[in-house]
>>> print(open('run-v1.txt').read())   # compact mmCIF, C-alpha atoms and all ligand atoms
# COMPACT_ATOMS: atom_id res chain seq x y z
CA MET A 133 -165.85 -87.94 -3.66
CA THR A 134 -164.71 -89.70 -6.85
CA GLN A 135 -166.33 -93.10 -7.27
CA ARG A 136 -163.92 -95.91 -6.32
CA ILE A 137 -163.17 -98.41 -9.09
CA PHE A 138 -161.99 -102.03 -8.97
CA ASN A 139 -158.23 -102.03 -8.45
CA PHE A 140 -156.49 -105.25 -9.52
CA SER A 141 -153.02 -103.85 -8.76
CA PRO A 142 -150.42 -106.41 -7.61
CA GLY A 143 -149.21 -104.02 -4.91
CA PRO A 144 -149.59 -101.52 -3.41
CA ALA A 145 -153.05 -102.97 -3.58
CA VAL A 146 -156.65 -102.35 -2.62
CA GLN A 147 -157.25 -101.92 1.12
CA PRO A 148 -160.39 -102.85 3.06
CA GLU A 149 -162.68 -99.82 2.97
CA PRO A 150 -163.35 -99.77 6.74
CA VAL A 151 -159.56 -99.52 7.22
CA LEU A 152 -159.35 -96.46 4.97
CA GLN A 153 -162.30 -94.86 6.71
CA GLU A 154 -160.95 -95.43 10.21
CA ALA A 155 -157.50 -94.17 9.20
CA ARG A 156 -159.09 -91.05 7.73
CA GLU A 157 -161.04 -90.42 10.92
CA ASN A 158 -157.86 -90.62 12.99
CA LEU A 159 -155.71 -88.35 10.83
CA LEU A 160 -156.51 -85.24 12.84
CA SER A 161 -156.82 -86.95 16.22
CA LEU A 162 -155.99 -90.53 17.13
CA GLY A 163 -158.94 -91.40 19.35
CA ASN A 164 -159.38 -88.50 21.76
CA THR A 165 -155.67 -87.69 22.04
CA GLY A 166 -155.93 -84.44 20.06
CA ILE A 167 -152.87 -85.53 18.05
CA GLY A 168 -153.21 -87.14 14.61
CA VAL A 169 -152.05 -90.69 14.02
CA LEU A 170 -149.23 -89.41 11.78
CA GLU A 171 -148.00 -87.07 14.49
CA HIS A 172 -147.61 -89.28 17.55
CA SER A 173 -144.12 -90.07 18.83
CA HIS A 174 -143.18 -93.70 18.37
CA ARG A 175 -142.13 -93.71 22.03
CA GLY A 176 -145.37 -92.19 23.35
CA LYS A 177 -148.21 -94.00 25.11
CA ALA A 178 -150.68 -93.76 22.22
CA PHE A 179 -148.41 -95.32 19.59
CA SER A 180 -147.08 -97.92 22.05
CA ALA A 181 -150.68 -99.05 22.52
CA VAL A 182 -151.17 -99.22 18.73
CA LEU A 183 -148.00 -101.29 18.34
CA ALA A 184 -148.95 -103.67 21.15
CA GLN A 185 -152.46 -104.20 19.73
CA THR A 186 -151.13 -104.72 16.20
CA GLU A 187 -148.74 -107.38 17.42
CA ALA A 188 -151.43 -109.00 19.59
CA ASP A 189 -153.85 -109.25 16.65
CA CYS A 190 -151.10 -110.48 14.34
CA ARG A 191 -150.36 -113.25 16.84
CA ALA A 192 -153.99 -114.11 17.48
CA LEU A 193 -154.83 -114.42 13.77
CA ALA A 194 -152.14 -117.00 13.01
CA GLY A 195 -151.83 -118.50 16.49
CA ILE A 196 -148.16 -117.52 16.55
CA PRO A 197 -146.42 -119.56 19.29
CA ASP A 198 -144.77 -117.70 22.19
CA ASN A 199 -141.29 -118.69 21.05
CA TYR A 200 -141.60 -116.52 17.93
CA ARG A 201 -140.91 -112.81 17.69
CA VAL A 202 -142.99 -110.49 15.54
CA LEU A 203 -140.92 -107.67 14.03
CA PHE A 204 -141.96 -104.64 12.01
CA LEU A 205 -138.96 -103.79 9.83
CA GLN A 206 -138.12 -101.59 6.86
CA GLY A 207 -136.45 -102.01 3.50
CA GLY A 208 -139.15 -104.18 1.97
CA ALA A 209 -139.07 -107.91 1.39
CA SER A 210 -136.08 -107.18 -0.85
CA THR A 211 -134.02 -106.38 2.25
CA GLN A 212 -134.87 -109.81 3.67
CA PHE A 213 -133.30 -111.33 0.54
CA PHE A 214 -129.91 -110.32 1.99
CA GLN A 215 -130.74 -109.89 5.68
CA VAL A 216 -131.58 -113.58 6.05
CA PRO A 217 -128.28 -114.90 4.59
CA MET A 218 -126.33 -112.07 6.24
CA ASN A 219 -127.57 -113.27 9.62
CA PHE A 220 -127.40 -117.02 9.05
CA LEU A 221 -125.01 -117.95 6.24
CA THR A 222 -121.24 -117.89 6.54
CA LYS A 223 -118.69 -118.85 3.90
CA GLY A 224 -118.70 -122.61 3.69
CA ASP A 225 -122.38 -122.91 4.67
CA THR A 226 -125.00 -123.88 2.14
CA ALA A 227 -128.58 -122.68 1.91
CA ASP A 228 -131.13 -124.36 -0.34
CA TYR A 229 -133.46 -122.27 -2.49
CA LEU A 230 -136.62 -123.35 -4.29
CA VAL A 231 -136.70 -121.20 -7.41
CA THR A 232 -140.25 -120.63 -8.59
CA GLY A 233 -140.13 -117.13 -10.00
CA ALA A 234 -138.42 -113.77 -10.30
CA TRP A 235 -138.52 -113.00 -6.57
CA SER A 236 -136.86 -116.25 -5.55
CA GLU A 237 -134.25 -115.66 -8.26
CA LYS A 238 -133.53 -112.29 -6.67
CA ALA A 239 -133.28 -113.89 -3.23
CA VAL A 240 -130.75 -116.40 -4.63
CA GLU A 241 -128.59 -113.62 -6.10
CA GLN A 242 -128.32 -111.95 -2.70
CA ALA A 243 -127.66 -115.16 -0.78
CA ARG A 244 -124.71 -115.99 -3.05
CA ARG A 245 -122.88 -113.01 -1.53
CA TYR A 246 -122.71 -114.78 1.84
CA GLY A 247 -122.38 -118.50 1.23
CA ASN A 248 -123.15 -121.39 -1.08
CA VAL A 249 -126.55 -121.66 -2.67
CA HIS A 250 -127.98 -124.97 -3.76
CA ILE A 251 -130.98 -124.76 -6.09
CA ALA A 252 -133.33 -127.48 -4.82
CA CYS A 253 -135.75 -127.06 -7.73
CA ASN A 254 -136.36 -124.59 -10.52
CA SER A 255 -139.46 -124.03 -12.63
CA LYS A 256 -137.70 -121.80 -15.17
CA ASP A 257 -137.94 -124.47 -17.91
CA ARG A 258 -141.62 -123.57 -18.37
CA ASN A 259 -141.42 -119.87 -17.51
CA HIS A 260 -142.31 -120.56 -13.85
CA SER A 261 -145.84 -121.65 -14.73
CA TYR A 262 -145.84 -124.42 -12.12
CA ILE A 263 -144.63 -125.39 -8.65
CA PRO A 264 -142.24 -128.37 -8.94
CA ALA A 265 -143.65 -131.46 -7.22
CA THR A 266 -140.33 -132.38 -5.64
CA ALA A 267 -137.17 -130.73 -4.42
CA SER A 268 -133.72 -132.20 -4.17
CA TYR A 269 -131.92 -130.83 -1.12
CA SER A 270 -128.21 -130.59 -0.42
CA ASP A 271 -126.65 -132.68 2.36
CA ARG A 272 -126.83 -130.27 5.26
CA PRO A 273 -128.39 -126.96 4.31
CA LYS A 274 -128.50 -124.23 6.94
CA TYR A 275 -131.98 -123.29 5.80
CA VAL A 276 -134.43 -123.81 2.96
CA HIS A 277 -135.92 -120.70 1.35
CA PHE A 278 -139.07 -120.56 -0.77
CA THR A 279 -141.62 -118.04 -2.08
CA SER A 280 -145.09 -119.22 -1.09
CA ASN A 281 -146.88 -117.23 -3.79
CA ASN A 282 -145.34 -116.07 -7.05
CA THR A 283 -146.91 -112.69 -7.65
CA ILE A 284 -145.70 -112.37 -11.22
CA PHE A 285 -146.33 -115.90 -12.48
CA GLY A 286 -149.58 -116.63 -10.63
CA THR A 287 -148.48 -119.81 -8.88
CA GLN A 288 -148.71 -120.78 -5.22
CA PHE A 289 -147.43 -123.61 -3.04
CA LYS A 290 -150.29 -125.80 -1.80
CA VAL A 291 -148.06 -127.79 0.54
CA ASP A 292 -145.06 -126.41 2.43
CA PRO A 293 -141.62 -127.76 1.54
CA LYS A 294 -140.13 -130.05 4.19
CA PRO A 295 -136.54 -129.05 4.94
CA PRO A 296 -134.09 -131.88 5.62
CA GLY A 297 -132.31 -132.44 8.95
CA ASP A 298 -131.92 -129.39 11.18
CA ALA A 299 -132.46 -126.89 8.40
CA PHE A 300 -135.07 -124.26 9.15
CA LEU A 301 -137.68 -123.12 6.65
CA VAL A 302 -137.66 -119.50 5.44
CA CYS A 303 -140.68 -118.23 3.57
CA ASP A 304 -141.14 -115.10 1.50
CA ALA A 305 -144.90 -114.80 1.96
CA SER A 306 -145.14 -111.28 0.57
CA SER A 307 -148.09 -111.92 -1.69
CA ASP A 308 -150.16 -114.45 0.24
CA ILE A 309 -149.49 -113.84 3.92
CA TYR A 310 -152.63 -114.18 6.03
CA SER A 311 -154.68 -115.25 3.01
CA ARG A 312 -155.10 -118.72 4.55
CA PRO A 313 -154.31 -120.42 7.88
CA ILE A 314 -150.60 -120.85 8.52
CA ASP A 315 -148.83 -123.23 10.89
CA VAL A 316 -146.08 -120.88 12.05
CA ALA A 317 -144.34 -123.62 14.05
CA LYS A 318 -143.19 -125.24 10.79
CA TYR A 319 -141.10 -122.19 9.91
CA GLY A 320 -137.93 -120.55 11.16
CA ILE A 321 -138.69 -117.22 9.47
CA ILE A 322 -141.69 -115.86 7.59
CA TYR A 323 -141.39 -112.44 6.01
CA ALA A 324 -143.69 -110.29 3.91
CA GLY A 325 -143.82 -106.77 2.57
CA SER A 326 -146.95 -105.01 3.81
CA GLN A 327 -148.24 -103.65 0.52
CA LYS A 328 -150.46 -106.53 -0.60
CA ASN A 329 -152.34 -108.24 2.21
CA LEU A 330 -151.24 -106.24 5.24
CA GLY A 331 -151.72 -102.55 4.51
CA PRO A 332 -149.90 -99.71 2.75
CA ALA A 333 -146.28 -100.10 1.58
CA GLY A 334 -143.52 -99.43 4.10
CA VAL A 335 -143.27 -102.24 6.65
CA THR A 336 -141.88 -105.75 6.37
CA LEU A 337 -143.50 -108.13 8.79
CA VAL A 338 -140.95 -110.67 10.04
CA ILE A 339 -142.04 -113.61 12.18
CA ILE A 340 -138.91 -115.30 13.48
CA ARG A 341 -138.17 -118.09 15.95
CA ASP A 342 -136.53 -116.91 19.15
CA ASP A 343 -133.53 -119.25 19.02
CA LEU A 344 -132.70 -117.91 15.55
CA VAL A 345 -132.82 -114.33 16.79
CA LYS A 346 -130.34 -115.31 19.49
CA SER A 347 -128.01 -117.36 17.30
CA ALA A 348 -127.78 -114.89 14.37
CA ALA A 349 -124.59 -113.08 13.31
CA LEU A 350 -123.12 -110.39 15.59
CA ASP A 351 -120.53 -108.98 13.20
CA ILE A 352 -122.99 -107.07 11.02
CA PRO A 353 -124.49 -103.57 11.37
CA ASP A 354 -126.99 -103.18 14.23
CA MET A 355 -129.85 -102.24 11.92
CA LEU A 356 -129.46 -105.54 10.08
CA GLN A 357 -129.42 -107.70 13.19
CA TYR A 358 -132.81 -109.21 14.05
CA ARG A 359 -131.57 -109.22 17.65
CA PHE A 360 -131.55 -105.43 17.92
CA HIS A 361 -135.05 -105.09 16.57
CA ALA A 362 -136.34 -107.86 18.83
CA GLU A 363 -134.68 -106.38 21.93
CA ASN A 364 -136.15 -102.98 21.12
CA ASP A 365 -139.66 -104.13 20.19
CA SER A 366 -139.20 -102.87 16.61
CA CYS A 367 -138.46 -99.36 17.94
CA TYR A 368 -134.66 -99.48 17.74
CA ASN A 369 -135.03 -96.59 15.31
CA THR A 370 -138.17 -94.72 14.23
CA PRO A 371 -140.55 -97.26 12.71
CA PRO A 372 -143.10 -96.34 10.01
CA THR A 373 -145.77 -95.58 12.59
CA PHE A 374 -148.61 -94.89 10.17
CA VAL A 375 -148.13 -98.12 8.23
CA ILE A 376 -148.01 -100.12 11.46
CA TYR A 377 -151.22 -98.39 12.55
CA CYS A 378 -152.88 -99.29 9.22
CA MET A 379 -151.60 -102.87 9.51
CA GLY A 380 -153.28 -103.02 12.91
CA LEU A 381 -156.54 -101.90 11.31
CA VAL A 382 -156.15 -104.60 8.64
CA PHE A 383 -155.65 -107.23 11.36
CA LYS A 384 -158.75 -105.96 13.18
CA TRP A 385 -160.70 -106.17 9.90
CA LEU A 386 -159.40 -109.70 9.29
CA ARG A 387 -160.56 -110.78 12.73
CA GLN A 388 -163.98 -109.27 12.00
CA GLN A 389 -164.12 -111.31 8.77
CA GLY A 390 -163.79 -114.45 10.89
CA GLY A 391 -160.00 -114.89 10.75
CA LEU A 392 -157.75 -116.75 8.35
CA LYS A 393 -159.98 -119.78 7.79
CA ALA A 394 -162.90 -117.60 6.80
CA ILE A 395 -160.78 -115.35 4.58
CA ALA A 396 -159.33 -118.45 2.88
CA GLU A 397 -162.86 -119.56 2.00
CA HIS A 398 -163.60 -116.13 0.51
CA ASN A 399 -160.36 -116.25 -1.45
CA GLU A 400 -161.11 -119.73 -2.80
CA ALA A 401 -164.56 -118.61 -3.90
CA LYS A 402 -163.25 -115.47 -5.60
CA ALA A 403 -160.39 -117.18 -7.44
CA GLY A 404 -162.60 -120.21 -8.16
CA LYS A 405 -165.04 -118.04 -10.14
CA LEU A 406 -162.27 -116.63 -12.28
CA TYR A 407 -160.61 -119.97 -12.97
CA SER A 408 -163.95 -121.62 -13.80
CA TYR A 409 -164.59 -118.93 -16.34
CA LEU A 410 -161.10 -119.26 -17.81
CA ASP A 411 -161.45 -123.05 -18.05
CA GLN A 412 -164.51 -122.87 -20.28
CA SER A 413 -163.58 -119.75 -22.23
CA LYS A 414 -162.78 -120.05 -25.93
CA MET A 415 -160.75 -116.84 -25.87
CA PHE A 416 -158.94 -116.61 -22.53
CA ARG A 417 -156.79 -119.22 -20.78
CA GLY A 418 -154.94 -119.31 -17.47
CA THR A 419 -151.13 -119.49 -17.71
CA ALA A 420 -150.40 -121.50 -14.55
CA ASP A 421 -150.74 -125.28 -14.22
CA ARG A 422 -154.01 -126.18 -12.51
CA ASP A 423 -152.44 -127.72 -9.42
CA SER A 424 -150.20 -124.67 -8.93
CA ARG A 425 -152.72 -121.89 -9.41
CA SER A 426 -152.50 -118.88 -7.13
CA LEU A 427 -155.58 -117.69 -5.29
CA MET A 428 -154.03 -114.22 -5.09
CA ASN A 429 -152.75 -113.48 -8.60
CA VAL A 430 -154.69 -114.98 -11.49
CA THR A 431 -152.65 -114.77 -14.70
CA PHE A 432 -154.29 -115.27 -18.08
CA VAL A 433 -153.81 -114.55 -21.79
CA THR A 434 -155.73 -114.68 -25.03
CA GLY A 435 -152.65 -115.89 -26.90
CA ASN A 436 -152.69 -112.75 -29.03
CA GLU A 437 -150.93 -109.63 -27.72
CA THR A 438 -153.11 -107.20 -29.67
CA LEU A 439 -156.24 -108.82 -28.30
CA ASP A 440 -154.77 -108.73 -24.76
CA LYS A 441 -154.17 -104.99 -25.09
CA ARG A 442 -157.66 -104.46 -26.45
CA PHE A 443 -159.17 -106.37 -23.55
CA ILE A 444 -157.18 -104.37 -20.99
CA ALA A 445 -158.47 -101.13 -22.51
CA PHE A 446 -162.00 -102.57 -22.65
CA ALA A 447 -161.80 -103.49 -18.96
CA GLU A 448 -160.42 -100.06 -18.00
CA GLN A 449 -163.43 -98.43 -19.64
CA ARG A 450 -165.56 -100.51 -17.28
CA GLY A 451 -163.71 -99.40 -14.15
CA LEU A 452 -161.43 -102.45 -13.91
CA ASP A 453 -157.92 -101.15 -13.39
CA GLY A 454 -154.46 -102.70 -13.08
CA LEU A 455 -155.04 -105.84 -15.15
CA LYS A 456 -151.93 -105.60 -17.33
CA GLY A 457 -149.76 -108.67 -16.74
CA HIS A 458 -146.08 -108.49 -15.87
CA ARG A 459 -143.91 -108.27 -19.00
CA SER A 460 -142.35 -111.70 -18.32
CA VAL A 461 -145.75 -113.41 -18.65
CA GLY A 462 -147.65 -110.88 -20.75
CA GLY A 463 -151.42 -110.86 -21.01
CA MET A 464 -153.41 -110.10 -17.90
CA ARG A 465 -153.05 -110.54 -14.16
CA ALA A 466 -155.92 -110.09 -11.73
CA SER A 467 -154.50 -109.55 -8.25
CA ILE A 468 -157.32 -110.40 -5.88
CA TYR A 469 -155.84 -110.20 -2.38
CA ASN A 470 -157.89 -110.48 0.82
CA ALA A 471 -159.38 -107.00 0.53
CA PHE A 472 -160.37 -107.32 -3.12
CA PRO A 473 -164.19 -107.42 -3.24
CA ALA A 474 -166.07 -110.39 -4.72
CA ALA A 475 -168.12 -107.89 -6.75
CA GLY A 476 -164.93 -106.93 -8.60
CA VAL A 477 -164.36 -110.54 -9.64
CA ASP A 478 -167.96 -110.74 -10.88
CA ALA A 479 -167.40 -107.53 -12.84
CA LEU A 480 -164.24 -108.96 -14.42
CA VAL A 481 -165.97 -112.19 -15.43
CA ALA A 482 -168.84 -110.17 -16.91
CA ALA A 483 -166.35 -108.02 -18.84
CA MET A 484 -164.58 -111.12 -20.21
CA GLN A 485 -167.92 -112.60 -21.28
CA GLU A 486 -168.94 -109.38 -22.99
CA PHE A 487 -165.56 -109.01 -24.70
CA GLU A 488 -165.61 -112.60 -25.89
CA ARG A 489 -169.09 -112.12 -27.33
CA SER A 490 -168.19 -108.78 -28.94
CA GLN A 491 -165.20 -110.34 -30.69
CA GLY A 492 -167.40 -113.09 -32.12
C1 LIG A 501 -143.25 -112.49 -3.58
C2 LIG A 501 -142.56 -111.16 -3.48
N1 LIG A 501 -141.39 -111.09 -2.83
C3 LIG A 501 -140.73 -109.92 -2.73
C4 LIG A 501 -141.21 -108.78 -3.28
C5 LIG A 501 -140.43 -107.49 -3.15
O1 LIG A 501 -141.02 -106.74 -2.15
P1 LIG A 501 -140.56 -105.28 -1.77
O2 LIG A 501 -140.95 -104.40 -2.89
O3 LIG A 501 -141.33 -105.03 -0.51
O4 LIG A 501 -139.10 -105.30 -1.53
C6 LIG A 501 -142.44 -108.79 -3.95
C7 LIG A 501 -143.00 -107.56 -4.54
O5 LIG A 501 -143.97 -107.55 -5.24
C8 LIG A 501 -143.11 -110.03 -4.06
O6 LIG A 501 -144.28 -110.11 -4.71
>>> encode(input="run-v1.txt", output="structure tokens")
Amino acid sequence: MTQRIFNFSPGPAVQPEPVLQEARENLLSLGNTGIGVLEHSHRGKAFSAVLAQTEADCRALAGIPDNYRVLFLQGGASTQFFQVPMNFLTKGDTADYLVTGAWSEKAVEQARRYGNVHIACNSKDRNHSYIPATASYSDRPKYVHFTSNNTIFGTQFKVDPKPPGDAFLVCDASSDIYSRPIDVAKYGIIYAGSQKNLGPAGVTLVIIRDDLVKSAALDIPDMLQYRFHAENDSCYNTPPTFVIYCMGLVFKWLRQQGGLKAIAEHNEAKAGKLYSYLDQSKMFRGTADRDSRSLMNVTFVTGNETLDKRFIAFAEQRGLDGLKGHRSVGGMRASIYNAFPAAGVDALVAAMQEFERSQG
């Protein structure tokens, strides 16, 4: 088999190796069923057991309270950008959005179709390189939406926003879900695309409070009502069975790692090494403010585009792939989600040291 290299892709992203191995073993026969994992009916006993275990492990990892539903939906996190306001905003209502990057900007655009949007804070003035310390909320927002980790700009909330009054908190946690402990009870809705910390692309995990499921809009298509998916245990239509299966394997792996507290410690150590190097480097510097730095996506530049390109090529030659930064930040981005190995971070630091030395 071809040697695996270090994959710093922002998503789809590196998966835990035991997950890939177990999935491979079950391709031809899931357990002793004689039917491969890709081939089981979503209504059959074998897949129902997979779905139940995946949900159970998802709940156990974050201690999800009983009054929350766990849904496995489709359409990516991008669908949640409109599904949330479609279900909860009507003309005349206002929702507050914390704008800290391109994904929250996209969420705002979609919400404007359904009601009023109040921007509670915006970090655009410095190209989203920081998380604003304060937010100024509207009088009575229906909900407050934020993006916990900004995949493109390499920033991350360290403290959750506190919505005013009865407003519920909605979090796009696509790029840091289950990377650290999470107090689900503080949120109305948490959603995340699967392709970074949860498995392959194709499922959106939605954790939603029961009363919200019940109070959401009825005059919208069935497939866009959370209610229908909750009533049908995410099998209202054919769900992406293989991705849910893989997500279940990722949850099992996470539990074997010691759960969210333990994985958070690993993530702090991994990102910590990179940031320490950047802080003393004479060539590279991080782009995000120190107090806003993401543990998942570390963005950095040399300040010279030609040198950035040269470093990316230099790193590729050493088996470090996917380091090119998003065009709106430039430079480099090391996406180091839960499954990214510590050895890959060491290899990146070594490559930066060598490059810095070689350039004099
Ligand atoms: C924070 C965040 N939100 C939303 C999205 C969009 O997700 P999807 O491609 O699943 O629609 C991404 C994708 O990278 C993301 O990083």
>>> residues_near_ligand(input="run-v1.txt", ligand="ligand LIG 501 (chain A)", cutoff="9 Å", atoms="only C-alpha atoms and all ligand atoms", output="PyMOL selection string")
chain A and resi 142-144+206-213+233-236+238-239+279-284+304-308+323-328+333-336
>>> residues_around(input="run-v1.txt", residues="A:Leu350", least_positions_apart="6", cutoff="9 Å", atoms="all atoms listed in the file", output="ChimeraX atom specification")
/A:219,357,359
>>> write_last_selection(input="run-v1.txt", atoms="C-alpha atoms", output="mmCIF file, in the frame of the given file")
data_model
loop_
_atom_site.group_PDB
_atom_site.id
_atom_site.type_symbol
_atom_site.label_atom_id
_atom_site.label_comp_id
_atom_site.auth_asym_id
_atom_site.auth_seq_id
_atom_site.Cartn_x
_atom_site.Cartn_y
_atom_site.Cartn_z
ATOM 1 C CA ASN A 219 -127.570 -113.270 9.620
ATOM 2 C CA GLN A 357 -129.420 -107.700 13.190
ATOM 3 C CA ARG A 359 -131.570 -109.220 17.650
#
>>> residues_around(input="run-v1.txt", residues="A:Gln412", least_positions_apart="5", cutoff="12 Å", atoms="only C-alpha atoms", output="JSON, numbers by chain")
{"A": [405, 406, 407, 417, 418, 481, 484, 485, 488]}
>>> closest_residue(input="run-v1.txt", among="A:Leu203, A:Ile196, A:Ile137, A:Ala267", to="A:Tyr229", atoms="only C-alpha atoms")
A:Ala267
>>> atom_distance(input="run-v1.txt", atom1="atom CA of A:Asp225", atom2="atom CA of A:Val249")
8.5 Å
>>> closest_residue(input="run-v1.txt", among="A:Ser141, A:Gln147, A:Asn470, A:Ser161", to="A:Lys393", atoms="all atoms listed in the file")
A:Asn470
>>> atom_distance(input="run-v1.txt", atom1="atom CA of A:Gln389", atom2="atom CA of A:Arg191")
16.1 Å
>>> closest_residue(input="run-v1.txt", among="A:Asp423, A:Asp189, A:Glu171, A:Asp342", to="A:Gln388", atoms="only C-alpha atoms")
A:Asp189
>>> residues_around(input="run-v1.txt", residues="A:Glu437", least_positions_apart="4", cutoff="10 Å", atoms="only C-alpha atoms", output="list in words")
Val433, Lys441, Arg442, Phe443, Gly462 and Gly463 of chain A
>>> residues_near_point(input="run-v1.txt", point="(-133.0, -124.5, 10.4)", cutoff="9 Å", atoms="all atoms listed in the file", output="list of chain:residue names")
A:Pro273, A:Lys274, A:Tyr275, A:Val276, A:Pro295, A:Pro296, A:Gly297, A:Asp298, A:Ala299, A:Phe300, A:Leu301, A:Val302, A:Tyr319, A:Gly320, A:Leu344
>>> residues_around(input="run-v1.txt", residues="stretch 475-477 of chain A", least_positions_apart="5", cutoff="12 Å", atoms="only C-alpha atoms", output="number ranges by chain")
A: 136-140, 146, 398-409, 428, 430, 447, 450-453, 455, 466-469, 482-484
>>> closest_residue(input="run-v1.txt", among="A:Cys367, A:Ala471, A:Leu480, A:Ile251", to="A:Leu410", atoms="all atoms listed in the file")
A:Leu480
>>> atom_distance(input="run-v1.txt", atom1="atom CA of A:Asn199", atom2="atom CA of A:Asp343")
8.0 Å
>>> closest_residue(input="run-v1.txt", among="A:Glu486, A:Glu187, A:Glu157, A:Asp315", to="A:Met379", atoms="all atoms listed in the file")
A:Glu187
>>> closest_residue(input="run-v1.txt", among="A:Gly457, A:Pro150, A:Gly435, A:Pro473", to="A:Phe285", atoms="all atoms listed in the file")
A:Gly457
>>> build_atoms(input="run-v1.txt", residues="stretch 244-255 of chain A", atoms="N, CA and C atoms", output="mmCIF file, in the coordinates of the input")
data_model
loop_
_atom_site.group_PDB
_atom_site.id
_atom_site.type_symbol
_atom_site.label_atom_id
_atom_site.label_comp_id
_atom_site.auth_asym_id
_atom_site.auth_seq_id
_atom_site.Cartn_x
_atom_site.Cartn_y
_atom_site.Cartn_z
ATOM 1 N N ARG A 244 -126.025 -115.573 -2.528
ATOM 2 C CA ARG A 244 -124.710 -115.990 -3.050
ATOM 3 C C ARG A 244 -123.579 -115.098 -2.529
ATOM 4 N N ARG A 245 -123.912 -113.899 -2.076
ATOM 5 C CA ARG A 245 -122.880 -113.010 -1.530
ATOM 6 C C ARG A 245 -122.313 -113.533 -0.216
ATOM 7 N N TYR A 246 -123.079 -114.400 0.463
ATOM 8 C CA TYR A 246 -122.710 -114.780 1.840
ATOM 9 C C TYR A 246 -122.274 -116.229 1.986
ATOM 10 N N GLY A 247 -122.730 -117.093 1.089
ATOM 11 C CA GLY A 247 -122.380 -118.500 1.230
ATOM 12 C C GLY A 247 -122.738 -119.260 -0.032
ATOM 13 N N ASN A 248 -122.787 -120.586 0.084
ATOM 14 C CA ASN A 248 -123.150 -121.390 -1.080
ATOM 15 C C ASN A 248 -124.662 -121.486 -1.201
ATOM 16 N N VAL A 249 -125.111 -121.481 -2.435
ATOM 17 C CA VAL A 249 -126.550 -121.660 -2.670
ATOM 18 C C VAL A 249 -126.732 -122.924 -3.486
ATOM 19 N N HIS A 250 -127.622 -123.782 -2.994
ATOM 20 C CA HIS A 250 -127.980 -124.970 -3.760
ATOM 21 C C HIS A 250 -129.418 -124.775 -4.248
ATOM 22 N N ILE A 251 -129.622 -124.917 -5.541
ATOM 23 C CA ILE A 251 -130.980 -124.760 -6.090
ATOM 24 C C ILE A 251 -131.682 -126.124 -5.970
ATOM 25 N N ALA A 252 -132.665 -126.197 -5.097
ATOM 26 C CA ALA A 252 -133.330 -127.480 -4.820
ATOM 27 C C ALA A 252 -134.356 -127.838 -5.895
ATOM 28 N N CYS A 253 -134.879 -126.831 -6.563
ATOM 29 C CA CYS A 253 -135.750 -127.060 -7.730
ATOM 30 C C CYS A 253 -135.865 -125.733 -8.467
ATOM 31 N N ASN A 254 -136.267 -125.808 -9.717
ATOM 32 C CA ASN A 254 -136.360 -124.590 -10.520
ATOM 33 C C ASN A 254 -137.429 -124.790 -11.599
ATOM 34 N N SER A 255 -138.363 -123.882 -11.657
ATOM 35 C CA SER A 255 -139.460 -124.030 -12.630
ATOM 36 C C SER A 255 -139.231 -123.167 -13.878
#
